[in-house]
Structure formats: C-alpha cells, structure tokens
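Trainee: For reference, this is model.json, and it has JSON, C-alpha atoms.
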[["chain", "number", "residue", "atom", "x", "y", "z"],
["Q", 4, "MET", "CA", 232.89, 34.10, 143.64],
["Q", 5, "SER", "CA", 231.37, 35.61, 146.74],
["Q", 6, "LYS", "CA", 228.07, 34.57, 148.21],
["Q", 7, "GLN", "CA", 226.68, 38.03, 147.54],
["Q", 8, "LEU", "CA", 227.42, 37.86, 143.82],
["Q", 9, "THR", "CA", 225.86, 34.43, 143.44],
["Q", 10, "ASN", "CA", 222.74, 35.67, 145.25],
["Q", 11, "LEU", "CA", 222.58, 38.66, 142.89],
["Q", 12, "GLU", "CA", 222.94, 36.43, 139.83],
["Q", 13, "GLN", "CA", 220.17, 34.17, 141.11],
["Q", 14, "LEU", "CA", 217.90, 37.16, 141.62],
["Q", 15, "ARG", "CA", 218.61, 38.46, 138.12],
["Q", 16, "ASP", "CA", 217.68, 35.07, 136.66],
["Q", 17, "LEU", "CA", 214.19, 35.21, 138.21],
["Q", 18, "PRO", "CA", 211.18, 36.52, 136.27],
["Q", 19, "ASP", "CA", 209.38, 39.61, 137.55],
["Q", 20, "GLU", "CA", 206.57, 37.70, 139.27],
["Q", 21, "GLU", "CA", 208.98, 35.57, 141.27],
["Q", 22, "LEU", "CA", 210.97, 38.67, 142.20],
["Q", 23, "LYS", "CA", 207.81, 40.30, 143.51],
["Q", 24, "GLN", "CA", 207.06, 37.18, 145.56],
["Q", 25, "ALA", "CA", 210.61, 37.21, 146.93],
["Q", 26, "LEU", "CA", 210.16, 40.88, 147.81],
["Q", 27, "VAL", "CA", 206.97, 40.14, 149.77],
["Q", 28, "ARG", "CA", 208.67, 37.20, 151.50],
["Q", 29, "ASN", "CA", 211.72, 39.27, 152.48],
["Q", 30, "ARG", "CA", 209.58, 42.16, 153.76],
["Q", 31, "ASP", "CA", 207.60, 39.72, 155.90],
["Q", 32, "GLU", "CA", 210.80, 38.21, 157.28],
["Q", 33, "LEU", "CA", 212.14, 41.69, 158.05],
["Q", 34, "PHE", "CA", 208.92, 42.56, 159.87],
["Q", 35, "ARG", "CA", 209.19, 39.39, 161.93],
["Q", 36, "LEU", "CA", 212.84, 40.13, 162.71],
["Q", 37, "HIS", "CA", 211.88, 43.62, 163.93],
["Q", 38, "LEU", "CA", 209.23, 42.11, 166.19],
["Q", 39, "GLY", "CA", 211.72, 39.57, 167.46],
["Q", 40, "GLN", "CA", 214.21, 42.31, 168.19],
["Q", 41, "TYR", "CA", 211.74, 44.16, 170.39],
["Q", 42, "THR", "CA", 210.88, 40.99, 172.29],
["Q", 43, "ASN", "CA", 214.59, 40.10, 172.67],
["Q", 44, "GLN", "CA", 214.31, 36.95, 170.56],
["Q", 45, "VAL", "CA", 216.75, 38.00, 167.83],
["Q", 46, "THR", "CA", 220.32, 37.17, 168.73],
["Q", 47, "SER", "CA", 221.98, 38.50, 165.57],
["Q", 48, "THR", "CA", 221.10, 42.00, 164.46],
["Q", 49, "ALA", "CA", 223.17, 41.50, 161.30],
["Q", 50, "THR", "CA", 220.25, 39.58, 159.79],
["Q", 51, "LEU", "CA", 218.21, 42.81, 159.84],
["Q", 52, "THR", "CA", 220.83, 44.54, 157.71],
["Q", 53, "THR", "CA", 221.06, 41.55, 155.38],
["Q", 54, "LYS", "CA", 217.28, 41.48, 154.83],
["Q", 55, "ARG", "CA", 217.16, 45.23, 154.18],
["Q", 56, "ARG", "CA", 219.92, 44.90, 151.60],
["Q", 57, "ASP", "CA", 218.19, 41.94, 149.94],
["Q", 58, "ILE", "CA", 215.02, 44.01, 149.65],
["Q", 59, "ALA", "CA", 217.02, 46.89, 148.15],
["Q", 60, "ARG", "CA", 218.62, 44.53, 145.59],
["Q", 61, "ILE", "CA", 215.24, 43.20, 144.50],
["Q", 62, "LEU", "CA", 213.78, 46.70, 144.20],
["Q", 63, "THR", "CA", 216.80, 47.83, 142.19],
["Q", 64, "ILE", "CA", 216.45, 44.94, 139.74],
["Q", 65, "LEU", "CA", 212.71, 45.54, 139.34],
["Q", 66, "ARG", "CA", 213.24, 49.27, 138.73],
["Q", 67, "ALA", "CA", 216.01, 48.64, 136.20],
["Q", 68, "ARG", "CA", 213.73, 46.27, 134.29],
["Q", 69, "GLU", "CA", 210.96, 48.84, 134.40],
["Q", 70, "LEU", "CA", 213.28, 51.44, 132.91],
["Q", 71, "GLY", "CA", 214.54, 48.98, 130.34],
["Q", 72, "THR", "CA", 218.18, 49.12, 131.38],
["Q", 73, "GLU", "CA", 218.19, 45.49, 132.45],
["Q", 74, "SER", "CA", 216.43, 42.41, 131.20],
["Q", 75, "GLN", "CA", 215.97, 39.00, 132.70],
["Q", 76, "ALA", "CA", 219.08, 36.92, 132.25],
["Q", 77, "ILE", "CA", 218.71, 33.97, 129.95],
["Q", 78, "LYS", "CA", 220.04, 30.78, 131.42],
["Q", 79, "LYS", "CA", 222.53, 29.22, 129.10],
["Q", 80, "ALA", "CA", 222.39, 25.47, 128.94],
["Q", 81, "LYS", "CA", 225.76, 23.90, 129.40],
["Q", 82, "LYS", "CA", 226.67, 21.89, 126.40],
["Q", 83, "ALA", "CA", 228.34, 18.59, 126.93],
["Q", 84, "PRO", "CA", 231.79, 18.54, 125.40],
["Q", 85, "LYS", "CA", 231.97, 16.61, 122.18],
["Q", 86, "SER", "CA", 233.84, 13.42, 122.59],
["Q", 87, "LYS", "CA", 236.39, 12.67, 119.98],
["Q", 88, "LYS", "CA", 236.42, 9.11, 118.85],
["Q", 89, "ALA", "CA", 239.77, 7.54, 118.22],
["Q", 90, "LYS", "CA", 240.23, 6.55, 114.62],
["Q", 91, "SER", "CA", 241.36, 3.00, 114.08]]
Please render this file's structure as structure tokens.

Mentor:
Amino acid sequence: MSKQLTNLEQLRDLPDEELKQALVRNRDELFRLHLGQYTNQVTSTATLTTKRRDIARILTILRARELGTESQAIKKAKKAPKSKKAKS
C-alpha cells in the first residue's frame, strides 16, 4: 500500500475537530514554506506541492462529510485468533 493511501486512511479515521486542527497546522506549514522559499531557505520545492495536496485532501474529506456522502471511518479492533486446544 502506498504512503499516500495510508495517509488518506489516517485522515479519514480522524474526527472533524482533529481534521480542522490538521488543516490549520498544514496551512501554517505551507505559509512558512512560502516564506522560506522567498528567503532561499527551502531546498525542496516538492514539499510545497505536498502540503497543498494535503490541504486539498483534508478539505475534500470535510466537504464530503458535510454533504453526507462520507462518514468518519470506524476503527475495527483486531480480534485475536481463537486458539484451538488439543483434545487429549
């Protein structure tokens, strides 16, 4: 599974409030990256694209929940396999 899909699944597992906090955090990081780019402190411009896409993913999830087409994923607890006891 790609890193992008796991990130998307993690975002979908978050409640709305945590998604909004992640959105604020990502927007702040993007702002700081833009400032760093103008002062020649950013060495990789690919991080700008990555942050913009992360923001778009979060906004898409929030909008889908608002419209009712998506709900928060319910984490399924992994059940331990039942051990079979040997009959004597």

Trainee: To one decimal place in Å, what is the distance between CA of Arg55 (chain Q) and CA of Thr42 (chain Q)?

Mentor: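 According to the coordinates, CA of Arg55 (chain Q) and CA of Thr42 (chain Q) are separated by 19.6 Å.
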
Trainee: Between CA of Thr48 (chain Q) and CA of Glu21 (chain Q), what is the distance in Å, rounded to a tenth?

Mentor: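 Between these atoms lies a distance of 26.9 Å.
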
Trainee: By how many Å are CA of Glu12 (chain Q) and CA of Val27 (chain Q) apart?

Mentor: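 According to the coordinates, CA of Glu12 (chain Q) and CA of Val27 (chain Q) are separated by 19.2 Å.
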
Trainee: Within 10 Å of Pro18 (chain Q), counting all atoms listed in the file, which residues show up once you throw out same-chain ones fewer than 3 positions away? Write them as number ranges by chain, please.

Mentor: Q: 14-15, 21-23, 65, 74-76

Trainee: Output the selection as a PDB file, in the coordinates of the input - C-alpha atoms for each residue.

Mentor:
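The resulting again-v5.pdb:
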ATOM      1  CA  LEU Q  14     217.900  37.160 141.620  1.00  0.00           C
ATOM      2  CA  ARG Q  15     218.610  38.460 138.120  1.00  0.00           C
ATOM      3  CA  GLU Q  21     208.980  35.570 141.270  1.00  0.00           C
ATOM      4  CA  LEU Q  22     210.970  38.670 142.200  1.00  0.00           C
ATOM      5  CA  LYS Q  23     207.810  40.300 143.510  1.00  0.00           C
ATOM      6  CA  LEU Q  65     212.710  45.540 139.340  1.00  0.00           C
ATOM      7  CA  SER Q  74     216.430  42.410 131.200  1.00  0.00           C
ATOM      8  CA  GLN Q  75     215.970  39.000 132.700  1.00  0.00           C
ATOM      9  CA  ALA Q  76     219.080  36.920 132.250  1.00  0.00           C
TER      10      ALA Q  76
END

Trainee: Could you name the residues that touch Leu26 (chain Q) at 9 Å or less, counting all atoms listed in the file, but leaving out those on the same chain fewer than 4 positions away, as a list in words?

Mentor: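 Once the nearby chain positions are removed, what remains is Glu21, Leu22, Arg30, Asp31, Asp57, Ile58, Ile61 and Leu62 of chain Q.
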
Trainee: Tell me which of Q:Gln13, Q:Thr50, Q:Glu73, Q:Ala59 sits closest to Glu32 (chain Q), counting only C-alpha atoms.

Mentor: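 Comparing Q:Gln13, Q:Thr50, Q:Glu73, Q:Ala59 against Glu32 (chain Q), the winner is Q:Thr50.
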
Trainee: Which residues, protein or nucleic acid, reach to within 6 Å of (215.7, 40.5, 164.4) in the file's coordinates when using only C-alpha atoms, and can you give that as a ChimeraX atom specification?

Mentor: /Q:36-37,39-40,45,48,51

Trainee: May I ask which of the residues Q:Leu38, Q:Thr46, Q:Lys54, Q:Leu8 is the closest one to Ala25 (chain Q), counting only C-alpha atoms?

Mentor: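 The answer is Q:Lys54, which sits nearest to Ala25 (chain Q).
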